[in-house]
Each structure stands twice: as structure tokens, then as C-alpha cells.
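Student: Okay, here's the structure, questions in a sec.
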Amino acid sequence: MFNILQKTFNTGIVTTAYPRTPVEVPANFRGRPSFDFEKWTDARAAAEVCPTAAIALHDSPDARKVTVDYGLCVFCGLCAEASSDQAVRITREFELAATDRGNLVLTAEYTLNADGTHRQLRKVHRGLRSIDAGVEDAGKAARMKIQQLLGRSLAIREVDAGSCNGCELEIIALNNPVYDIERFGIHFVASPRHADMLLATGPVTRNMELALLKTYRAMPEPKVVVAAGACGISGGIFGENYASLGGVDKVVPVDVYIPGCPPRPQALLHGILLAVGRLRERSFDKHVG
Amino acid sequence: MMQAKFPPFSALRQKFGGKVRSLHAERENESYLLAADPDIRGISEYLRGEYNARLVTVFAEDRCAVEGVFFNYYVFEQKGNTEYLIVRAPVPVDDPQFPSLSADLPAANWQEREIQDWFGLTAIGHPNPRRVALHDNWPDVHPLRKDFPIDTVLPPFEGERHTYRPALGEGVFQIPVGPVHAGIIEPGHFSFAVAGEPILYLQLRMFYTHKGTEKLFEELPVHKGVFLAESISGDSSFSHGTAFCQAIEAAAAIEVPLRALIMRTILLELERIYNHVADIGAMAADVGFVVANAHASRLRELLVTLNEQLTGNRLLRGMVCAGGVRRGWDAAQLDTLAGTIDAFAKEFKDLIRLVHSSESTRDRLEHTGVLLPAKAKDLGIVGVAGRASGIDLDVRRDHPYAAYRRFSFRVPVYQAGDVWHRMLVRVEEVSESIGIIRSAIDHDLHEEFRVPVPPIPPDRCALSAVEGWRGEIIHWIRTGPGNRLERCKIKDPSLNNWPALVEAVQGNIIADFPVINKSFNLSYSGTDR
Ligand code: SF4
């Protein structure tokens, strides 16, 4: 007993102060790739190397649309290495959680030179093309209101709907003494009937679709859903195939998306607190408001 | 004692004559035997009987469009020998069946059934030929056949996922658990038959996280494949990534610079110790010693932070690449590495002292979840679980890769096979890993760390093996046209080891299941792919 106390005493307090004070992430940490769209002279090399098609090109004879989807990005850094014009930089930003899937997608439109390099940047916009601006999910605003009520004490049911277990490792880390998520009144529960939040990872496999849906249905209202990791958001590198349905929102409505492969614990914390209205969404690009 | 040469080319030719169509060494340590027909029972018995060979893995390949047949592959190794002998046996398209080895060789059980599911080849005489990979409510499809497009949309589910053996007898009842478990763990279904407290038997249903990984490898250009390999099993990202890159490098016949090999060795060992220390803590927590777990998870955090400083990612992703590693380390990073390992080594000793000081922890872990050596051998158990049950295997020593030839380390082996010894194996392996890392840092880490990989001609086959922290990882590839892969077989050690869990829980009380399960800590995603 004495040695236990002694060890505890010698160790002292190890819990971080995040989010009260910003975290010091290591200099080499690969966070959000940032794109200087004005400076970018050619997106082809980056699109070519990107393992998940997070950078995708839509070319017509003299114009190009480049979409950058942080919901697909696995933060590998290849795009920065491939872009000789220094227009792509790997930053240390990790607070990327978004309340709308479209907020993770940037599209830059260029006119092209004859050799396929960019002539001029026409515009940059944010959002999914399939979602018309202005047609907001009406239920969402109401849900977000309700979430504020959950803010003080939150019970989370985690469901691995097909992940590689990488996201789970970081979610489990939230319970270690360094991140100690219980200091926010947040705890993970065994039964969906006790849960306010469904934290799900993906890609949702054909074999887990039903279990995910049943867990969601078993949760009492009001409830929020958070999708974590590239695969949970979009299917990630697995995408959609005979065994994978893609992101969590293919099966249940998602309120907050947390990019990362996997999202580091603070990124998860940021997303979870965003979902209950205790933190704000970050706008991460200077080109769009 | 001198070992007979393995593989025994001339003896095989003599004994099996026309049964052996060809024998050739593809590269150092990798030979192929082309059999005349799908019946390799004689060859298997001979290799196992005369040479004490071990069956490493079994898998298949669809070559119908090109060669008019399927191939089954049986990989053998012999103790004390760095060679792999790969028996390639054609299975005709118009008679898609092969004699099963599983009746004599339980280690082949799941993998032969996988061949049935993925390729539609029937394992004749299999003692339990039911589906293993495709749940029962999947239609009659064989996803790894070339005529099955990856984006096939399957009809909605109908019917039962799996029929479990009913629990019969007075006072016997069944406890179904999963796929969603109480804690934050991967999905799988466990069906326990219990009589009061003791578990009579356990039935498993895996493959809930099957996501088409092997098929997907056939769709991706080679340079993107490494990212998929890193997503086979999150806690083994670096080991699977390395196994994949080694296979590519063998197929491309390129030499990886020494500096990269040493850096890989360091990172492979970091992966081992961050997982081992977390498991040691989790096992302690499962029997109520929460304080030990708090320290262990803090130490794990120390290591994953180091991972991030060295590779940019806490799970060591985005670092390994075919041809070497993507970045070198500067002096500051090397200092951080040395300093963190010193701090970790000291604290790890404290943690182990703490665990040893708790009589009740030891009491709960000793004699719990026993897997006897004879059973482990029958079932073909590998890795930590194998070594705790007398199976003296370690790819690092038996088939050296990366820079392991340069470092000396001990491979701990115990006979007791209980949870306590699975913990002890981990404890000793952590100490050995610290030793490896320390001597690796002393090497001059200033040469080049990456060489370019030229486009790889089609139809190069290559096997690669890595001792992940759980055990033996195997990747086997065949290259295709356009720098793509025709086939990528992944074998995670978890696939070998699930039957060990079934065996080890028998007769234990249900309350000990979590800690027994934790002591194996198998990867569901690595199994299901
Ligand atoms: S960092 Fe993201 S966007 Fe860039 S190449 Fe990697 S996955 Fe694609």
C-alpha cells in the first residue's frame, strides 16, 4: 500500500489543461494540410499521390475544380511533399471538428494554361455541391439547442462500426490520467439506454450496419451522434465497397464530424465538446468565411 | 546437431516424383514447389513428419483468367532455418475442390474455410466446413474471385447471421455477448455456454469488421497500398506497413539502406513496447488494480508522444515506405528518443515492482485461462500467446528482417500458459526491446534513408514476415501490370490465435473472461480485414 501511495505522490499531477490552455503539439506532428490556393500552380501532383482522393480534380478543357476534403484526409503529408511550389503546407492544426459535412470540403476553381497548370484562381468555396446553400437540416438547429442542455454531464456510448481500432485507441486514451475526460463530467457507458451521445467510428461495414442502427435506436431522446476519424466520416481509405457502406452518416444522422487518422485525443475532446455546445467550431481557411 | 537442408529439394523430388512439377528458389529464403494437383496431404505430412516443419499460413489466388486455375498456397517453415517453402497447388476451375488438411492439422481450420468463402473452393473432408468469413446471411458470393467487382452492391440482409450450437443440459444456459461490447473494444460475437459460474464452452463469430481490405489492395497503385496496410490493425500500423513494404521491396529486388533498416527496427520495437505496457496495465485493471493501470497508461502516453515526435503520428503512421522510410531524424529527435527511453525504462521498473507487490493481482492471474503447450502446438498458436505456452517462435530471430541480425536479444518462453505468464512474456519483451533500441541508437544514423522504387514488372511474387507485437504477420503479394497488385494476402497473428482463446476460457469462471481475453488481446480488424 505504502509503495502505491509513494509512487502516486512522486508522479504528481499529469493531466493536461486542454482546452483551457492550448496544447503544445510536437513540432513534427502532421495536422491539417493547408492550401495557398492563390499560389498553387498545379494540383495534379498532389491529387496523384493522395491515398484517399481527399484531393480530387474535375477538369474541363480550360478549367479545373480542385476539391479538398478534410473528411477523407489521412494526414499523410504526401501532398505537401509532392507540391514543388510550396503552396501546400502541413500545419499543426488539429481542431478540425465540424457540425456540417460540407464544412470539411473546400473547392477551388481555376482557369488553366495549355500545359494544364493553373492560370488564375477564380474562386474558393466551402461546402458540398450536393447540398444547396440555405437548405439547412432543420432538425439540426433544434438538436444543437438541446445539446446545450446535455452540456454539463454527458454519457457516451462508443460503437466501433468497422474501424481498424486506431480511433478506439485514441478514444480509450481519453480516459487515461493525461486527458482524464471525466473532469468534464463526461463518461463512457455500457448501455445505449444510458447514453446521450453516440460516438461512432467506421467505415460502417455491411456486418455492423444493423448493430449501429440498433444502438442508435436504443438511445433515449435527445441524442447526438459524433462520427470520428476519416473512415467514420467518409469511409476513408476503404471508401464504399461490397463490404463497406462508407461513413457513419450513411446509417444514422451525424451532428459532428471529427477528422483525423486517428484524431488525436484533444481533437476528439474538441469534437465532443463542440457537439454539446461547450466549444466553438474553428474556421480554418482564410479563403472562406 | 546439424539440421537437414530445408527445403529438401532432392528428397521431395525423389519421394513425390510426378507429384512435384517444379521446385525453385525465388530468392534467398523463399522457395516455391509447384504441385501437380490440389492434394498436398502427402507433402504436408512428409514435411511435418520428417522435417518437423510448421504450417505458417494457407491462402488462395484466382488465376482463372490467366492460367485457367485457382492456386492454393501452403507456406512451411522449419525451426532453426530461415527458409520459407511455399507449396503452390493448382485447383481446377471445373472441379473447384481440394482435400482439407484440417482434420490432422487444426491450425488450417479457419484459413481453409476462408478459402471456401472468398474463392468458392470446397475443402473436402473439413471437420467443420461452415462459413467463417462470410456471415450466414450473405448471399452466395466469393469476393476474392476476379469476376466479383469490388463495388458489387449486395442485396439487403435476410435470415440468420450464424446458428450457434445450442447449450443443452440441466442448469446450462447460454450468454450471448456482442457484437457491441460493454467497453470500448472492437466488435465480435461471443456465445458462452455456462453451468453456473464456469464456462463450458465458447463459440465465436468474427468478421464483423470485414471491409474488403484484400480486395482493395488489388485496386490501389502500389505506393498507396502502404496506407491501407497501416489500417489493417490500428495498434500494429507500423508492423503491417513494414510487412507490406518489405514484400514490395522483395518483388522490386531493391536493397533498403541500412539507416532505414535500423530506423524501422527502432519503430517496430516502439510499437511493441507501447502496446505491451498498455496490456500489462489493462490486465491489472481487469482484476481490480486500477492504480497500476493509471501508471501504465501514462507510460503508454509517454511512448505514443515519442512516436509522434519521431514520425508525426501517434500510431507511427505515414513513416514507412517502400524503399526505406520517408524522413530521417535530426540530432534533437535522437536525443528525445534516447531520453524518453531512459525515462521510460526507469518508470517501467517501478510499474513492474508495483504489479509484483500486489499478491491479489498475481493470485487472480496465475492458473487463470490456461492454454497448455500441446494444445497451443496443435492449434498453431503464435506470438506472445504462443511463447507463454511453450511455442518458441519469433520472426525477428527465425527469419531476420530490418536490422535484427545486428542486435542480440532474448526470446522469453514459458510453459505455464496462463494469464500471468502471458503478462510475464510481455514484461520481459519490453526489457529486451529497450536493449534493442538502445543499441540501435548507437549506430550511425546519418546515411541515406530511402532509395527509389522502380516500376515493378508483373507476376513477381513475394512473401514478407514481421514479428508484430502480437506475433507473426505475413504478407504475400503478386504484382500485376501498371504497378498494381494482383493479389495481397494478409495474415495477422490474431487469425491464428482466436482458437486459443476458446481453449483457454474453458472451465474458467465467466467473471475472468475479460482478463483472459485481454491477455491475448487479439485484433478483430486484423482478423476480419
Ligand atoms: S495529407 Fe491528406 S490531402 Fe494530403 S495527400 Fe495525405 S490524405 Fe491527401
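Starting from 1 in every chain, residues are counted up; chains themselves are A, B, ... following the order of the C-alpha cells, and ligands are numbered from 1 as listed.
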As a list of chain:residue names, please: the residues near range 34-38 of chain A (cut-off 6 Å, only C-alpha atoms, same-chain neighbours under 6 positions excluded).

Tutor: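 The filter keeps A:Ala87, A:Val88, A:Arg89.
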
Student: Write a file of the selected residues as an mmCIF file, in the first residue's frame, keeping C-alpha atoms.

Tutor:
data_model
loop_
_atom_site.group_PDB
_atom_site.id
_atom_site.type_symbol
_atom_site.label_atom_id
_atom_site.label_comp_id
_atom_site.auth_asym_id
_atom_site.auth_seq_id
_atom_site.Cartn_x
_atom_site.Cartn_y
_atom_site.Cartn_z
ATOM 1 C CA ALA A 87 1.553 26.093 -51.876
ATOM 2 C CA VAL A 88 0.702 23.081 -49.718
ATOM 3 C CA ARG A 89 1.938 23.122 -46.160
#

Student: Output the neighbourhood of ligand 1 as a VMD selection string, that is, all protein and nucleic acid residues with some atom at most 8 Å from the ligand, counting only C-alpha atoms and all ligand atoms.

Tutor: chain A and resid 32 to 33 46 to 47 49 to 55 68 to 70 72 to 80 90

Student: Within 12 Å of Ile237 in chain A, counting only C-alpha atoms, which residues qualify if same-chain residues fewer than 4 places away don't, as a CSV table (one decimal) with N, CA and C atoms, in the first residue's frame?

Tutor:
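Saved the output as part-v7.csv:
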chain,number,residue,atom,x,y,z
A,50,CYS,N,-2.3,11.5,-53.4
A,50,CYS,CA,-3.2,11.5,-52.2
A,50,CYS,C,-3.8,10.1,-52.1
A,51,PRO,N,-3.6,9.3,-51.0
A,51,PRO,CA,-4.0,8.0,-51.0
A,51,PRO,C,-5.5,7.8,-50.9
A,52,THR,N,-6.3,8.8,-50.5
A,52,THR,CA,-7.7,8.6,-50.3
A,52,THR,C,-8.5,9.5,-51.2
A,53,ALA,N,-7.9,10.1,-52.2
A,53,ALA,CA,-8.6,11.0,-53.1
A,53,ALA,C,-9.3,12.2,-52.3
A,54,ALA,N,-8.6,12.6,-51.2
A,54,ALA,CA,-9.0,13.8,-50.5
A,54,ALA,C,-8.8,15.0,-51.3
A,71,GLY,N,-12.5,15.5,-44.7
A,71,GLY,CA,-13.2,14.3,-44.2
A,71,GLY,C,-12.7,13.0,-44.7
A,72,LEU,N,-11.9,13.1,-45.8
A,72,LEU,CA,-11.2,11.9,-46.4
A,72,LEU,C,-9.7,11.9,-46.0
A,73,CYS,N,-9.2,13.0,-45.6
A,73,CYS,CA,-7.7,13.1,-45.4
A,73,CYS,C,-7.2,12.2,-44.3
A,74,VAL,N,-6.1,11.5,-44.6
A,74,VAL,CA,-5.5,10.7,-43.5
A,74,VAL,C,-4.2,11.4,-43.0
A,75,PHE,N,-4.0,12.6,-43.4
A,75,PHE,CA,-2.9,13.4,-42.8
A,75,PHE,C,-1.5,12.8,-43.0
A,76,CYS,N,-1.3,12.3,-44.2
A,76,CYS,CA,-0.1,11.6,-44.5
A,76,CYS,C,1.0,12.5,-44.9
A,163,SER,N,-14.0,-0.1,-37.7
A,163,SER,CA,-12.7,0.6,-37.8
A,163,SER,C,-11.5,-0.4,-37.7
A,164,CYS,N,-10.3,0.2,-37.9
A,164,CYS,CA,-9.1,-0.6,-37.7
A,164,CYS,C,-8.7,-0.6,-36.3
A,202,GLY,N,-15.8,4.3,-38.2
A,202,GLY,CA,-16.2,3.5,-39.3
A,202,GLY,C,-14.9,3.0,-40.0
A,203,PRO,N,-15.0,2.5,-41.2
A,203,PRO,CA,-16.2,2.6,-42.1
A,203,PRO,C,-17.2,1.7,-41.6
A,229,GLY,N,-12.9,10.2,-37.1
A,229,GLY,CA,-11.9,9.6,-38.0
A,229,GLY,C,-12.3,9.6,-39.4
A,230,ALA,N,-11.3,9.6,-40.3
A,230,ALA,CA,-11.6,9.7,-41.7
A,230,ALA,C,-12.6,8.6,-42.1
A,231,CYS,N,-12.4,7.4,-41.6
A,231,CYS,CA,-13.3,6.3,-42.0
A,231,CYS,C,-14.8,6.5,-41.5
A,232,GLY,N,-14.9,7.0,-40.3
A,232,GLY,CA,-16.2,7.3,-39.7
A,232,GLY,C,-16.9,8.4,-40.5
A,233,ILE,N,-16.1,9.4,-41.0
A,233,ILE,CA,-16.7,10.5,-41.8
A,233,ILE,C,-17.1,10.1,-43.2
A,241,ASN,N,-17.5,-0.2,-50.7
A,241,ASN,CA,-17.3,-1.4,-51.5
A,241,ASN,C,-18.3,-2.4,-51.0
A,244,SER,N,-18.2,-2.5,-47.3
A,244,SER,CA,-18.2,-1.2,-46.5
A,244,SER,C,-19.2,-0.2,-47.1
A,246,GLY,N,-19.3,2.9,-46.1
A,246,GLY,CA,-18.8,4.3,-46.1
A,246,GLY,C,-18.9,4.9,-44.7
A,247,GLY,N,-19.2,6.2,-44.6
A,247,GLY,CA,-19.3,6.9,-43.4
A,247,GLY,C,-20.5,6.6,-42.5
A,261,CYS,N,-6.7,10.6,-38.5
A,261,CYS,CA,-6.4,9.2,-38.8
A,261,CYS,C,-5.4,8.7,-37.9
B,211,LYS,N,-14.0,-5.4,-44.2
B,211,LYS,CA,-14.2,-4.2,-45.0
B,211,LYS,C,-13.5,-4.4,-46.4
B,212,GLY,N,-13.3,-5.6,-46.9
B,212,GLY,CA,-12.8,-5.8,-48.2
B,212,GLY,C,-11.4,-5.4,-48.5
B,213,THR,N,-10.6,-5.5,-47.4
B,213,THR,CA,-9.2,-5.0,-47.5
B,213,THR,C,-8.3,-5.7,-48.5
B,216,LEU,N,-9.3,-4.7,-51.9
B,216,LEU,CA,-9.0,-3.3,-52.1
B,216,LEU,C,-7.5,-3.1,-52.5
B,217,PHE,N,-6.6,-3.9,-52.0
B,217,PHE,CA,-5.2,-3.9,-52.4
B,217,PHE,C,-5.1,-4.0,-53.9
B,219,GLU,N,-6.9,-2.9,-56.1
B,219,GLU,CA,-7.4,-1.7,-56.8
B,219,GLU,C,-6.4,-0.5,-56.7
B,220,LEU,N,-5.6,-0.6,-55.7
B,220,LEU,CA,-4.7,0.6,-55.4
B,220,LEU,C,-3.4,0.5,-56.1
B,224,LYS,N,0.1,3.6,-52.8
B,224,LYS,CA,-0.9,3.9,-51.9
B,224,LYS,C,-1.2,2.7,-51.0
B,225,GLY,N,-0.8,1.5,-51.4
B,225,GLY,CA,-1.1,0.3,-50.6
B,225,GLY,C,-0.6,0.4,-49.2
B,226,VAL,N,0.5,1.1,-49.0
B,226,VAL,CA,1.1,1.1,-47.6
B,226,VAL,C,0.1,1.8,-46.6
B,227,PHE,N,-0.7,2.7,-47.1
B,227,PHE,CA,-1.6,3.4,-46.2
B,227,PHE,C,-2.7,2.4,-45.8
B,228,LEU,N,-3.1,1.6,-46.8
B,228,LEU,CA,-4.1,0.6,-46.5
B,228,LEU,C,-3.5,-0.4,-45.5
B,229,ALA,N,-2.3,-0.8,-45.7
B,229,ALA,CA,-1.6,-1.8,-44.8
B,229,ALA,C,-1.6,-1.2,-43.4
B,230,GLU,N,-1.4,0.1,-43.3
B,230,GLU,CA,-1.3,0.7,-42.0
B,230,GLU,C,-2.7,0.7,-41.3
B,231,SER,N,-3.7,0.5,-42.0
B,231,SER,CA,-5.1,0.5,-41.5
B,231,SER,C,-5.6,-0.9,-41.3
B,232,ILE,N,-4.8,-1.9,-41.4
B,232,ILE,CA,-5.3,-3.3,-41.2
B,232,ILE,C,-5.6,-3.5,-39.7

Student: For a quick test of understanding: name the residues of chain A lying within 6 Å of chain B when counting only C-alpha atoms, and present them as a PyMOL selection string.

Tutor: chain A and resi 26+28-30+51+76+160+162+164-166+176+190+205+207-208+241-244

Student: At what distance in Å, to one decimal, does CA of Asn497 in chain B lie from CA of Arg387 in chain B?

Tutor: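 Straight-line distance from CA of Arg387 in chain B to CA of Asn497 in chain B works out to 12.0 Å.
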
Student: Quick one: distance from CA of Pro198 in chain B to CA of Gln506 in chain B in Å, one decimal?

Tutor: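 Straight-line distance from CA of Pro198 in chain B to CA of Gln506 in chain B works out to 7.7 Å.
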
Student: Here is a test: counting only C-alpha atoms, which residue of B:Leu55, B:Ile437, B:Met423, B:Phe407 is nearest to Leu267 in chain B?

Tutor: B:Ile437

Student: Contacts of Val248 in chain A at 10 Å or less, counting only C-alpha atoms, minus same-chain residues fewer than 6 places along, as a list of chain:residue names?

Tutor: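 Non-adjacent residues within range: A:Ala161, A:Leu199, A:Ala200, A:Thr201, A:Gly202, A:Pro203, A:Val204, A:Thr205, A:Glu209, A:Leu212, A:Leu213, A:Val225, A:Val226, A:Ala227, A:Ala228, A:Cys231, A:Gly232, A:Ile233, A:Ser234, A:Gly235, A:Val254, A:Tyr257.
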